[in-house]
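Visitor: Got entry-v1.pdb for you, PDB, C-alpha atoms, pLDDT in the B column:
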```
ATOM      1  CA  MET P   1      60.860  56.258  29.860  1.00 47.00           C
ATOM      2  CA  THR P   2      60.863  59.771  31.361  1.00 52.00           C
ATOM      3  CA  TRP P   3      58.036  62.290  31.685  1.00 53.00           C
ATOM      4  CA  ALA P   4      59.451  64.102  28.664  1.00 52.00           C
ATOM      5  CA  ASP P   5      58.834  60.957  26.608  1.00 59.00           C
ATOM      6  CA  VAL P   6      55.186  60.908  27.615  1.00 84.00           C
ATOM      7  CA  MET P   7      54.316  64.273  26.104  1.00 90.00           C
ATOM      8  CA  THR P   8      56.191  67.068  24.402  1.00 94.00           C
ATOM      9  CA  ALA P   9      54.955  70.266  22.791  1.00 95.00           C
ATOM     10  CA  VAL P  10      56.697  72.768  20.531  1.00 96.00           C
ATOM     11  CA  VAL P  11      55.522  75.736  18.483  1.00 97.00           C
ATOM     12  CA  GLU P  12      56.136  75.328  14.743  1.00 96.00           C
ATOM     13  CA  ASP P  13      54.712  77.384  11.892  1.00 92.00           C
ATOM     14  CA  ASP P  14      51.669  78.821  13.661  1.00 95.00           C
ATOM     15  CA  HIS P  15      50.886  75.445  15.204  1.00 97.00           C
ATOM     16  CA  LEU P  16      51.420  73.773  18.508  1.00 97.00           C
ATOM     17  CA  VAL P  17      52.859  70.369  17.721  1.00 97.00           C
ATOM     18  CA  ILE P  18      52.147  67.868  20.472  1.00 96.00           C
ATOM     19  CA  THR P  19      53.693  64.439  20.653  1.00 95.00           C
ATOM     20  CA  ILE P  20      51.986  62.230  23.155  1.00 93.00           C
ATOM     21  CA  ALA P  21      52.256  58.527  23.944  1.00 91.00           C
ATOM     22  CA  ASP P  22      49.273  56.383  22.960  1.00 90.00           C
ATOM     23  CA  ALA P  23      48.241  55.874  26.566  1.00 89.00           C
ATOM     24  CA  GLY P  24      48.360  59.612  27.174  1.00 90.00           C
ATOM     25  CA  ARG P  25      46.347  60.235  24.042  1.00 93.00           C
ATOM     26  CA  ARG P  26      43.688  57.826  25.233  1.00 92.00           C
ATOM     27  CA  THR P  27      43.731  59.471  28.648  1.00 92.00           C
ATOM     28  CA  VAL P  28      43.203  62.978  27.294  1.00 94.00           C
ATOM     29  CA  ARG P  29      40.449  61.775  24.954  1.00 95.00           C
ATOM     30  CA  SER P  30      38.708  60.013  27.814  1.00 94.00           C
ATOM     31  CA  VAL P  31      39.054  63.029  30.083  1.00 95.00           C
ATOM     32  CA  ALA P  32      37.657  65.342  27.393  1.00 97.00           C
ATOM     33  CA  GLN P  33      34.710  62.993  26.968  1.00 96.00           C
ATOM     34  CA  GLY P  34      34.206  62.897  30.727  1.00 94.00           C
ATOM     35  CA  LEU P  35      34.104  66.685  30.836  1.00 95.00           C
ATOM     36  CA  ILE P  36      31.615  66.788  27.960  1.00 96.00           C
ATOM     37  CA  ASP P  37      29.370  64.274  29.698  1.00 93.00           C
ATOM     38  CA  CYS P  38      29.549  66.173  32.949  1.00 92.00           C
ATOM     39  CA  LEU P  39      28.796  69.548  31.351  1.00 93.00           C
ATOM     40  CA  GLU P  40      25.928  68.262  29.251  1.00 87.00           C
ATOM     41  CA  ASP P  41      24.270  66.518  32.184  1.00 72.00           C
ATOM     42  CA  GLU P  42      22.255  69.367  33.677  1.00 70.00           C
ATOM     43  CA  PRO P  43      20.957  68.920  36.240  1.00 73.00           C
ATOM     44  CA  PRO P  44      22.782  65.709  37.132  1.00 77.00           C
ATOM     45  CA  SER P  45      20.583  63.128  38.764  1.00 81.00           C
ATOM     46  CA  PRO P  46      20.943  62.921  42.547  1.00 81.00           C
ATOM     47  CA  TRP P  47      19.717  59.300  42.400  1.00 85.00           C
ATOM     48  CA  THR P  48      22.638  57.642  40.675  1.00 88.00           C
ATOM     49  CA  LYS P  49      26.299  57.307  41.598  1.00 86.00           C
ATOM     50  CA  VAL P  50      27.367  58.917  38.317  1.00 85.00           C
ATOM     51  CA  GLY P  51      24.841  61.714  38.756  1.00 86.00           C
ATOM     52  CA  ARG P  52      26.060  62.462  42.269  1.00 87.00           C
ATOM     53  CA  ALA P  53      29.682  62.483  41.096  1.00 84.00           C
ATOM     54  CA  ARG P  54      28.794  64.919  38.307  1.00 85.00           C
ATOM     55  CA  ARG P  55      26.866  67.102  40.716  1.00 87.00           C
ATOM     56  CA  ARG P  56      29.976  67.315  42.914  1.00 88.00           C
ATOM     57  CA  ALA P  57      32.107  68.085  39.859  1.00 88.00           C
ATOM     58  CA  HIS P  58      29.718  70.901  38.873  1.00 89.00           C
ATOM     59  CA  GLU P  59      30.040  72.392  42.333  1.00 90.00           C
ATOM     60  CA  ARG P  60      33.841  72.181  42.192  1.00 92.00           C
ATOM     61  CA  LEU P  61      33.993  73.594  38.695  1.00 93.00           C
ATOM     62  CA  PHE P  62      31.616  76.474  39.191  1.00 94.00           C
ATOM     63  CA  PRO P  63      31.909  77.872  42.706  1.00 95.00           C
ATOM     64  CA  PRO P  64      29.384  80.498  43.849  1.00 95.00           C
ATOM     65  CA  ALA P  65      29.841  83.712  41.889  1.00 96.00           C
ATOM     66  CA  TYR P  66      28.610  85.840  44.792  1.00 96.00           C
ATOM     67  CA  ARG P  67      28.742  85.606  48.554  1.00 93.00           C
ATOM     68  CA  SER P  68      24.974  86.002  48.448  1.00 94.00           C
ATOM     69  CA  ARG P  69      23.212  82.741  47.626  1.00 95.00           C
ATOM     70  CA  ALA P  70      20.347  84.582  45.911  1.00 96.00           C
ATOM     71  CA  LEU P  71      22.732  86.523  43.659  1.00 96.00           C
ATOM     72  CA  SER P  72      24.692  83.338  42.889  1.00 96.00           C
ATOM     73  CA  VAL P  73      21.496  81.631  41.790  1.00 95.00           C
ATOM     74  CA  GLU P  74      20.742  84.592  39.523  1.00 96.00           C
ATOM     75  CA  PHE P  75      24.256  84.463  38.108  1.00 96.00           C
ATOM     76  CA  THR P  76      23.849  80.771  37.361  1.00 94.00           C
ATOM     77  CA  ARG P  77      20.536  81.424  35.631  1.00 95.00           C
ATOM     78  CA  ARG P  78      22.125  84.110  33.439  1.00 96.00           C
ATOM     79  CA  HIS P  79      25.499  82.538  32.636  1.00 96.00           C
ATOM     80  CA  ASP P  80      25.639  78.831  33.415  1.00 93.00           C
ATOM     81  CA  ALA P  81      24.336  77.538  30.083  1.00 93.00           C
ATOM     82  CA  THR P  82      26.816  79.688  28.147  1.00 94.00           C
ATOM     83  CA  ILE P  83      29.784  78.721  30.316  1.00 95.00           C
ATOM     84  CA  ARG P  84      28.983  75.023  30.029  1.00 94.00           C
ATOM     85  CA  ALA P  85      28.277  75.104  26.285  1.00 95.00           C
ATOM     86  CA  ASP P  86      31.482  77.006  25.596  1.00 96.00           C
ATOM     87  CA  LEU P  87      33.601  74.646  27.667  1.00 97.00           C
ATOM     88  CA  ALA P  88      31.898  71.550  26.252  1.00 97.00           C
ATOM     89  CA  ALA P  89      32.607  72.819  22.726  1.00 97.00           C
ATOM     90  CA  ALA P  90      36.299  73.189  23.597  1.00 97.00           C
ATOM     91  CA  ALA P  91      36.339  69.653  25.000  1.00 97.00           C
ATOM     92  CA  GLN P  92      34.653  68.296  21.866  1.00 97.00           C
ATOM     93  CA  ARG P  93      37.246  69.957  19.628  1.00 97.00           C
ATOM     94  CA  LEU P  94      40.022  68.511  21.766  1.00 97.00           C
ATOM     95  CA  ARG P  95      38.522  65.013  21.786  1.00 97.00           C
ATOM     96  CA  ASP P  96      37.961  65.046  18.017  1.00 96.00           C
ATOM     97  CA  GLY P  97      41.444  66.447  17.379  1.00 94.00           C
ATOM     98  CA  LEU P  98      43.008  63.458  19.090  1.00 93.00           C
ATOM     99  CA  ASP P  99      41.793  61.028  16.437  1.00 89.00           C
ATOM    100  CA  GLY P 100      44.505  59.381  14.381  1.00 85.00           C
ATOM    101  CA  ASP P 101      48.173  58.740  15.045  1.00 86.00           C
ATOM    102  CA  GLY P 102      51.343  60.779  15.059  1.00 90.00           C
ATOM    103  CA  PRO P 103      52.023  64.284  16.310  1.00 94.00           C
ATOM    104  CA  ILE P 104      48.999  66.488  16.876  1.00 95.00           C
ATOM    105  CA  ARG P 105      49.152  69.809  15.033  1.00 95.00           C
ATOM    106  CA  TRP P 106      46.945  72.385  16.696  1.00 96.00           C
ATOM    107  CA  PRO P 107      46.487  75.923  15.274  1.00 96.00           C
ATOM    108  CA  LEU P 108      48.009  78.413  17.704  1.00 96.00           C
ATOM    109  CA  ASP P 109      44.815  80.475  17.715  1.00 95.00           C
ATOM    110  CA  ASP P 110      42.890  77.521  19.141  1.00 95.00           C
ATOM    111  CA  THR P 111      45.336  76.293  21.769  1.00 96.00           C
ATOM    112  CA  ASP P 112      43.156  77.756  24.507  1.00 96.00           C
ATOM    113  CA  ASP P 113      41.126  74.556  24.159  1.00 97.00           C
ATOM    114  CA  TRP P 114      44.034  72.620  25.662  1.00 97.00           C
ATOM    115  CA  VAL P 115      44.632  75.069  28.483  1.00 97.00           C
ATOM    116  CA  ARG P 116      40.957  75.227  29.427  1.00 97.00           C
ATOM    117  CA  VAL P 117      40.057  71.555  29.112  1.00 97.00           C
ATOM    118  CA  LEU P 118      43.127  70.242  30.943  1.00 96.00           C
ATOM    119  CA  GLY P 119      42.608  72.844  33.669  1.00 96.00           C
ATOM    120  CA  THR P 120      38.901  72.411  34.250  1.00 97.00           C
ATOM    121  CA  ALA P 121      38.855  68.625  33.853  1.00 96.00           C
ATOM    122  CA  ARG P 122      40.974  68.339  36.995  1.00 95.00           C
ATOM    123  CA  PHE P 123      37.829  69.192  38.959  1.00 94.00           C
ATOM    124  CA  LEU P 124      36.283  65.949  37.795  1.00 93.00           C
ATOM    125  CA  TYR P 125      38.743  64.331  40.207  1.00 92.00           C
ATOM    126  CA  VAL P 126      39.706  66.746  42.959  1.00 91.00           C
ATOM    127  CA  ASP P 127      38.228  69.612  44.920  1.00 89.00           C
ATOM    128  CA  ARG P 128      39.715  73.094  45.255  1.00 89.00           C
ATOM    129  CA  GLN P 129      42.034  71.842  47.980  1.00 86.00           C
ATOM    130  CA  ALA P 130      43.298  69.185  45.530  1.00 81.00           C
ATOM    131  CA  GLU P 131      41.720  66.489  47.670  1.00 80.00           C
ATOM    132  CA  PRO P 132      40.566  63.532  45.585  1.00 76.00           C
ATOM    133  CA  GLY P 133      36.868  62.746  45.721  1.00 70.00           C
ATOM    134  CA  VAL P 134      36.841  58.975  45.954  1.00 66.00           C
ATOM    135  CA  SER P 135      40.276  57.413  45.628  1.00 73.00           C
ATOM    136  CA  ALA P 136      43.944  58.271  45.472  1.00 75.00           C
ATOM    137  CA  GLU P 137      43.749  57.406  41.767  1.00 79.00           C
ATOM    138  CA  GLU P 138      41.701  60.558  41.243  1.00 81.00           C
ATOM    139  CA  GLY P 139      44.489  62.611  42.761  1.00 83.00           C
ATOM    140  CA  LYS P 140      46.945  61.011  40.350  1.00 86.00           C
ATOM    141  CA  ALA P 141      44.644  61.721  37.415  1.00 87.00           C
ATOM    142  CA  SER P 142      44.563  65.370  38.381  1.00 89.00           C
ATOM    143  CA  MET P 143      48.357  65.489  38.599  1.00 90.00           C
ATOM    144  CA  VAL P 144      48.737  63.938  35.165  1.00 91.00           C
ATOM    145  CA  LEU P 145      46.425  66.589  33.698  1.00 93.00           C
ATOM    146  CA  ALA P 146      48.407  69.298  35.471  1.00 91.00           C
ATOM    147  CA  PHE P 147      51.573  67.899  33.893  1.00 91.00           C
ATOM    148  CA  TYR P 148      50.036  67.915  30.403  1.00 93.00           C
ATOM    149  CA  GLN P 149      48.784  71.452  30.917  1.00 94.00           C
ATOM    150  CA  SER P 150      52.222  72.584  32.065  1.00 90.00           C
ATOM    151  CA  VAL P 151      53.833  71.081  28.959  1.00 92.00           C
ATOM    152  CA  VAL P 152      51.393  72.969  26.741  1.00 95.00           C
ATOM    153  CA  LEU P 153      51.836  76.238  28.621  1.00 93.00           C
ATOM    154  CA  LYS P 154      55.607  75.941  28.660  1.00 90.00           C
ATOM    155  CA  ALA P 155      55.600  75.676  24.872  1.00 94.00           C
ATOM    156  CA  LEU P 156      53.095  78.476  24.381  1.00 94.00           C
ATOM    157  CA  ARG P 157      54.354  80.863  27.048  1.00 92.00           C
ATOM    158  CA  PRO P 158      58.054  80.384  27.773  1.00 86.00           C
ATOM    159  CA  ASP P 159      57.948  83.874  29.263  1.00 85.00           C
ATOM    160  CA  LEU P 160      55.857  82.498  32.142  1.00 83.00           C
ATOM    161  CA  VAL P 161      58.670  80.265  33.230  1.00 71.00           C
ATOM    162  CA  GLU P 162      61.046  83.194  33.180  1.00 69.00           C
ATOM    163  CA  ALA P 163      58.538  85.313  35.098  1.00 68.00           C
ATOM    164  CA  LEU P 164      58.411  82.875  37.981  1.00 64.00           C
ATOM    165  CA  PRO P 165      61.799  81.365  38.662  1.00 54.00           C
ATOM    166  CA  PRO P 166      61.417  78.953  41.583  1.00 59.00           C
ATOM    167  CA  GLU P 167      64.453  80.346  43.362  1.00 55.00           C
ATOM    168  CA  LEU P 168      62.668  83.696  43.642  1.00 52.00           C
ATOM    169  CA  VAL P 169      59.615  82.338  45.426  1.00 52.00           C
ATOM    170  CA  PRO P 170      60.859  83.147  48.957  1.00 52.00           C
ATOM    171  CA  LEU P 171      62.085  86.560  47.824  1.00 49.00           C
ATOM    172  CA  ARG P 172      58.756  87.437  46.207  1.00 51.00           C
ATOM    173  CA  ARG P 173      56.900  86.457  49.374  1.00 52.00           C
ATOM    174  CA  GLU P 174      59.244  88.678  51.350  1.00 53.00           C
ATOM    175  CA  LEU P 175      58.629  91.623  49.036  1.00 48.00           C
ATOM    176  CA  LEU P 176      54.864  91.188  49.265  1.00 47.00           C
ATOM    177  CA  ARG P 177      55.070  91.091  53.059  1.00 54.00           C
ATOM    178  CA  GLU P 178      57.049  94.349  53.005  1.00 49.00           C
ATOM    179  CA  GLU P 179      54.449  95.937  50.754  1.00 48.00           C
ATOM    180  CA  ARG P 180      51.681  95.063  53.202  1.00 52.00           C
ATOM    181  CA  THR P 181      53.476  96.318  56.306  1.00 47.00           C
TER     182      THR P 181
ATOM    183  CA  MET S   1      27.360 104.220  44.443  1.00 75.00           C
ATOM    184  CA  THR S   2      28.415 100.583  44.047  1.00 75.00           C
ATOM    185  CA  ASP S   3      31.874  99.608  42.882  1.00 87.00           C
ATOM    186  CA  TRP S   4      31.877  96.169  41.277  1.00 91.00           C
ATOM    187  CA  HIS S   5      34.980  94.085  40.927  1.00 94.00           C
ATOM    188  CA  VAL S   6      36.237  90.631  40.065  1.00 96.00           C
ATOM    189  CA  VAL S   7      37.760  88.605  42.892  1.00 97.00           C
ATOM    190  CA  VAL S   8      39.859  85.491  42.375  1.00 97.00           C
ATOM    191  CA  HIS S   9      40.260  83.056  45.261  1.00 97.00           C
ATOM    192  CA  ASN S  10      43.255  80.852  45.846  1.00 96.00           C
ATOM    193  CA  ASP S  11      43.047  77.102  45.367  1.00 94.00           C
ATOM    194  CA  GLU S  12      45.458  74.179  45.448  1.00 91.00           C
ATOM    195  CA  VAL S  13      44.730  73.061  41.899  1.00 92.00           C
ATOM    196  CA  ASN S  14      45.547  75.860  39.487  1.00 93.00           C
ATOM    197  CA  THR S  15      49.253  76.408  38.981  1.00 90.00           C
ATOM    198  CA  PHE S  16      51.074  79.738  39.201  1.00 89.00           C
ATOM    199  CA  GLN S  17      51.684  79.664  35.466  1.00 90.00           C
ATOM    200  CA  VAL S  18      48.030  79.150  34.609  1.00 93.00           C
ATOM    201  CA  VAL S  19      46.891  81.981  36.846  1.00 95.00           C
ATOM    202  CA  VAL S  20      49.463  84.392  35.431  1.00 94.00           C
ATOM    203  CA  ASP S  21      48.636  83.333  31.874  1.00 95.00           C
ATOM    204  CA  VAL S  22      44.908  83.881  32.404  1.00 97.00           C
ATOM    205  CA  PHE S  23      45.378  87.214  34.184  1.00 97.00           C
ATOM    206  CA  HIS S  24      47.625  88.391  31.370  1.00 95.00           C
ATOM    207  CA  ARG S  25      45.878  86.994  28.329  1.00 95.00           C
ATOM    208  CA  VAL S  26      42.220  86.846  29.367  1.00 96.00           C
ATOM    209  CA  VAL S  27      41.870  89.648  31.904  1.00 96.00           C
ATOM    210  CA  GLY S  28      44.312  91.811  29.947  1.00 96.00           C
ATOM    211  CA  LEU S  29      46.605  92.783  32.806  1.00 96.00           C
ATOM    212  CA  PRO S  30      50.164  93.793  31.941  1.00 94.00           C
ATOM    213  CA  MET S  31      52.555  90.916  32.657  1.00 91.00           C
ATOM    214  CA  GLU S  32      53.986  92.570  35.757  1.00 90.00           C
ATOM    215  CA  ASP S  33      50.500  93.121  37.209  1.00 93.00           C
ATOM    216  CA  ALA S  34      49.473  89.580  36.289  1.00 94.00           C
ATOM    217  CA  VAL S  35      52.398  88.173  38.259  1.00 91.00           C
ATOM    218  CA  ALA S  36      51.724  90.508  41.201  1.00 92.00           C
ATOM    219  CA  GLY S  37      48.030  89.568  41.113  1.00 95.00           C
ATOM    220  CA  MET S  38      48.864  85.886  41.167  1.00 93.00           C
ATOM    221  CA  TRP S  39      51.062  86.396  44.240  1.00 91.00           C
ATOM    222  CA  ARG S  40      48.336  88.363  46.030  1.00 94.00           C
ATOM    223  CA  VAL S  41      45.894  85.521  45.387  1.00 95.00           C
ATOM    224  CA  HIS S  42      48.422  82.953  46.562  1.00 92.00           C
ATOM    225  CA  ASP S  43      49.593  84.790  49.668  1.00 92.00           C
ATOM    226  CA  GLN S  44      46.399  86.517  50.781  1.00 95.00           C
ATOM    227  CA  GLY S  45      43.841  83.896  49.755  1.00 95.00           C
ATOM    228  CA  SER S  46      42.072  86.148  47.284  1.00 95.00           C
ATOM    229  CA  ALA S  47      42.585  89.348  45.354  1.00 94.00           C
ATOM    230  CA  LYS S  48      40.634  91.892  43.386  1.00 95.00           C
ATOM    231  CA  ILE S  49      41.901  91.745  39.874  1.00 93.00           C
ATOM    232  CA  SER S  50      39.699  94.271  38.114  1.00 88.00           C
ATOM    233  CA  ALA S  51      37.161  96.948  38.940  1.00 83.00           C
ATOM    234  CA  THR S  52      34.335  97.455  36.528  1.00 85.00           C
ATOM    235  CA  GLY S  53      30.557  97.574  36.062  1.00 92.00           C
ATOM    236  CA  ARG S  54      28.399  94.716  37.260  1.00 93.00           C
ATOM    237  CA  ASP S  55      27.661  93.236  33.830  1.00 94.00           C
ATOM    238  CA  ALA S  56      31.313  93.320  32.819  1.00 94.00           C
ATOM    239  CA  ALA S  57      32.314  91.785  36.165  1.00 96.00           C
ATOM    240  CA  GLU S  58      29.851  88.945  35.691  1.00 96.00           C
ATOM    241  CA  ALA S  59      31.040  88.359  32.130  1.00 96.00           C
ATOM    242  CA  MET S  60      34.652  88.207  33.328  1.00 96.00           C
ATOM    243  CA  VAL S  61      33.795  85.831  36.167  1.00 97.00           C
ATOM    244  CA  ALA S  62      32.010  83.575  33.687  1.00 96.00           C
ATOM    245  CA  ARG S  63      35.100  83.559  31.463  1.00 96.00           C
ATOM    246  CA  LEU S  64      37.478  82.871  34.344  1.00 97.00           C
ATOM    247  CA  GLN S  65      35.361  79.995  35.627  1.00 96.00           C
ATOM    248  CA  GLY S  66      35.664  78.554  32.129  1.00 96.00           C
ATOM    249  CA  TYR S  67      39.419  78.323  32.790  1.00 96.00           C
ATOM    250  CA  GLY S  68      38.901  76.641  36.138  1.00 96.00           C
ATOM    251  CA  LEU S  69      39.647  79.675  38.304  1.00 97.00           C
ATOM    252  CA  ASP S  70      37.646  80.314  41.465  1.00 97.00           C
ATOM    253  CA  ALA S  71      36.355  83.725  40.441  1.00 97.00           C
ATOM    254  CA  ALA S  72      33.543  85.737  41.984  1.00 97.00           C
ATOM    255  CA  VAL S  73      31.890  89.131  41.758  1.00 96.00           C
ATOM    256  CA  GLY S  74      32.483  91.468  44.668  1.00 93.00           C
ATOM    257  CA  TRP S  75      31.179  94.912  45.418  1.00 87.00           C
ATOM    258  CA  ALA S  76      31.633  97.795  47.773  1.00 82.00           C
ATOM    259  CA  GLU S  77      29.476 100.795  48.485  1.00 75.00           C
ATOM    260  CA  SER S  78      31.286 104.102  48.187  1.00 68.00           C
TER     261      SER S  78
END
```
Now that the file is in, can you turn its structure into structure tokens?

Guide:
Amino acid sequence: MTWADVMTAVVEDDHLVITIADAGRRTVRSVAQGLIDCLEDEPPSPWTKVGRARRRAHERLFPPAYRSRALSVEFTRRHDATIRADLAAAAQRLRDGLDGDGPIRWPLDDTDDWVRVLGTARFLYVDRQAEPGVSAEEGKASMVLAFYQSVVLKALRPDLVEALPPELVPLRRELLREERT
Amino acid sequence: MTDWHVVVHNDEVNTFQVVVDVFHRVVGLPMEDAVAGMWRVHDQGSAKISATGRDAAEAMVARLQGYGLDAAVGWAES
């Protein structure tokens, strides 16, 4: 089995058609549920292991919006509930859409759910430096989600791949350095 | 007068493609600017990606955090 057998995605008739192995399907469903649980648990309890893990995930997911602590607290008061509710709703749609067997047909207009959930759920497992919180398994979980997200994005935005050919990475860095000097 | 802007910080989690996609589709930058913005974030550690009023900057930061980006509101007195 290759990675391509684990998950594929193509655009067909205004839908993103995703084929994913059963294990992968279970993984994504479980991850979506984990994100929902984390987002709905506000404020997470500092007295339990799960609560502390969710608290850390919150901090990874939603870094301070200002350099000023006071302004960041104000930002959280104004926006946090909306951000969490919106993201939790996306995760619920994703989880529910994974019921059943066979290819998953997702309306193109709603594919942002996949991009957002697979992207944000990585912070359940790793910090912004991609360091796993508890075990190396968490780092692997994050990598698997990154792979799924890349499959989805590649199908939705083939132009992104063309925009960033790997062989141009050193050249682009060089050009940016020249711009700055 | 205060100039408000949205700043995105680099991290080791979000991929190049995701950042470009979000800058292009969500922030509304032209593709070329989205790619250039992504490279500034990657190479310089952070980059201003839009200048706007405070409320709009906060709304954009809230949206970007919903994609997993490390976004913040910045300001400068002019």

Visitor: So, with only C-alpha atoms as the atoms that count, which of S:Glu77, S:Ala62, S:Ala47, S:His42 lies closest to chain P?

Guide: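 Of S:Glu77, S:Ala62, S:Ala47, S:His42, the one nearest chain P, counting only C-alpha atoms, is S:Ala62.
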
Visitor: Given only C-alpha atoms as the basis, pick out the residue of P:Val50, P:Val10, P:Ala81, P:Ala65 nearest to Ala72 in chain S.

Guide: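 Checking each of P:Val50, P:Val10, P:Ala81, P:Ala65 against Ala72 in chain S, counting only C-alpha atoms, the winner is P:Ala65.
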
Visitor: Which residues of chain S are close to chain P, meaning at most 8 Å apart when you count all atoms listed in the file, and how do they look as an NGL selection string?

Guide: :S and (11-15 or 17-18 or 20-21 or 35 or 39-40 or 43 or 58 or 61-63 or 65-68 or 70-74)

Visitor: Take the PyMOL selection byres ((chain P and resi 15) around 7), run it mentally on this structure, and tell me the resulting residues as a PyMOL selection string.

Guide: chain P and resi 11-14+16-17+105-108

Visitor: Please report the interatomic distance between CA of Val7 in chain S and CA of Thr111 in chain P in Å with one decimal.

Guide: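 Taking CA of Val7 in chain S as the start and CA of Thr111 in chain P as the end point, the length is 25.6 Å.
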
Visitor: To one decimal in Å, tell me the separation between CA of Val22 in chain S and CA of Pro44 in chain P.

Guide: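 Separating CA of Val22 in chain S from CA of Pro44 in chain P is a distance of 29.0 Å.
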
Visitor: Each side padded by 4 Å, which centre and which edge lengths in Å (one decimal) define the axis-aligned box around the listed atoms of range 45-52 of chain S? Give them as JSON.

Guide:
```
{"center_x": 39.1, "center_y": 90.7, "center_z": 43.1, "size_x": 17.5, "size_y": 21.6, "size_z": 21.2}
```

Visitor: Translate the PyMOL selection byres ((chain S and resi 3) around 6) into a concrete residue list for this structure, as an mmCIF file with C-alpha atoms, in the coordinates of the input.

Guide:
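Output file selection.cif follows:
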```
data_model
loop_
_atom_site.group_PDB
_atom_site.id
_atom_site.type_symbol
_atom_site.label_atom_id
_atom_site.label_comp_id
_atom_site.auth_asym_id
_atom_site.auth_seq_id
_atom_site.Cartn_x
_atom_site.Cartn_y
_atom_site.Cartn_z
ATOM 1 C CA THR S 2 28.415 100.583 44.047
ATOM 2 C CA TRP S 4 31.877 96.169 41.277
ATOM 3 C CA TRP S 75 31.179 94.912 45.418
ATOM 4 C CA ALA S 76 31.633 97.795 47.773
#
```

Visitor: Can you work out the spacing between CA of Leu124 in chain P and CA of Ala57 in chain P in Å, to one decimal?

Guide: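 So the two atoms, CA of Leu124 in chain P and CA of Ala57 in chain P, lie 5.1 Å apart.
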
Visitor: Would you mind writing range 30-42 of chain S with N, CA, C and O atoms, as a CSV table (one decimal), in the frame of the given file?

Guide:
```csv
chain,number,residue,atom,x,y,z
S,30,PRO,N,48.8,93.8,32.3
S,30,PRO,CA,50.2,93.8,31.9
S,30,PRO,C,50.9,92.6,32.7
S,30,PRO,O,50.4,92.3,33.8
S,31,MET,N,51.9,92.1,32.1
S,31,MET,CA,52.6,90.9,32.7
S,31,MET,C,53.0,91.1,34.1
S,31,MET,O,52.8,90.3,35.0
S,32,GLU,N,53.5,92.3,34.4
S,32,GLU,CA,54.0,92.6,35.8
S,32,GLU,C,52.8,92.5,36.7
S,32,GLU,O,52.9,92.0,37.8
S,33,ASP,N,51.7,93.1,36.3
S,33,ASP,CA,50.5,93.1,37.2
S,33,ASP,C,49.9,91.7,37.3
S,33,ASP,O,49.3,91.4,38.4
S,34,ALA,N,50.0,91.0,36.2
S,34,ALA,CA,49.5,89.6,36.3
S,34,ALA,C,50.3,88.8,37.3
S,34,ALA,O,49.7,88.0,38.1
S,35,VAL,N,51.6,88.9,37.3
S,35,VAL,CA,52.4,88.2,38.3
S,35,VAL,C,52.1,88.6,39.7
S,35,VAL,O,51.9,87.8,40.6
S,36,ALA,N,52.0,90.0,39.9
S,36,ALA,CA,51.7,90.5,41.2
S,36,ALA,C,50.3,90.0,41.7
S,36,ALA,O,50.2,89.7,42.8
S,37,GLY,N,49.4,90.0,40.8
S,37,GLY,CA,48.0,89.6,41.1
S,37,GLY,C,48.0,88.1,41.5
S,37,GLY,O,47.4,87.7,42.5
S,38,MET,N,48.8,87.3,40.8
S,38,MET,CA,48.9,85.9,41.2
S,38,MET,C,49.4,85.7,42.6
S,38,MET,O,48.9,84.9,43.4
S,39,TRP,N,50.5,86.5,42.9
S,39,TRP,CA,51.1,86.4,44.2
S,39,TRP,C,50.1,86.9,45.3
S,39,TRP,O,50.1,86.3,46.4
S,40,ARG,N,49.3,87.9,45.0
S,40,ARG,CA,48.3,88.4,46.0
S,40,ARG,C,47.3,87.3,46.3
S,40,ARG,O,47.0,87.0,47.4
S,41,VAL,N,46.9,86.6,45.2
S,41,VAL,CA,45.9,85.5,45.4
S,41,VAL,C,46.5,84.4,46.2
S,41,VAL,O,45.9,83.9,47.2
S,42,HIS,N,47.7,84.1,45.9
S,42,HIS,CA,48.4,83.0,46.6
S,42,HIS,C,48.7,83.3,48.0
S,42,HIS,O,48.4,82.4,48.9
```
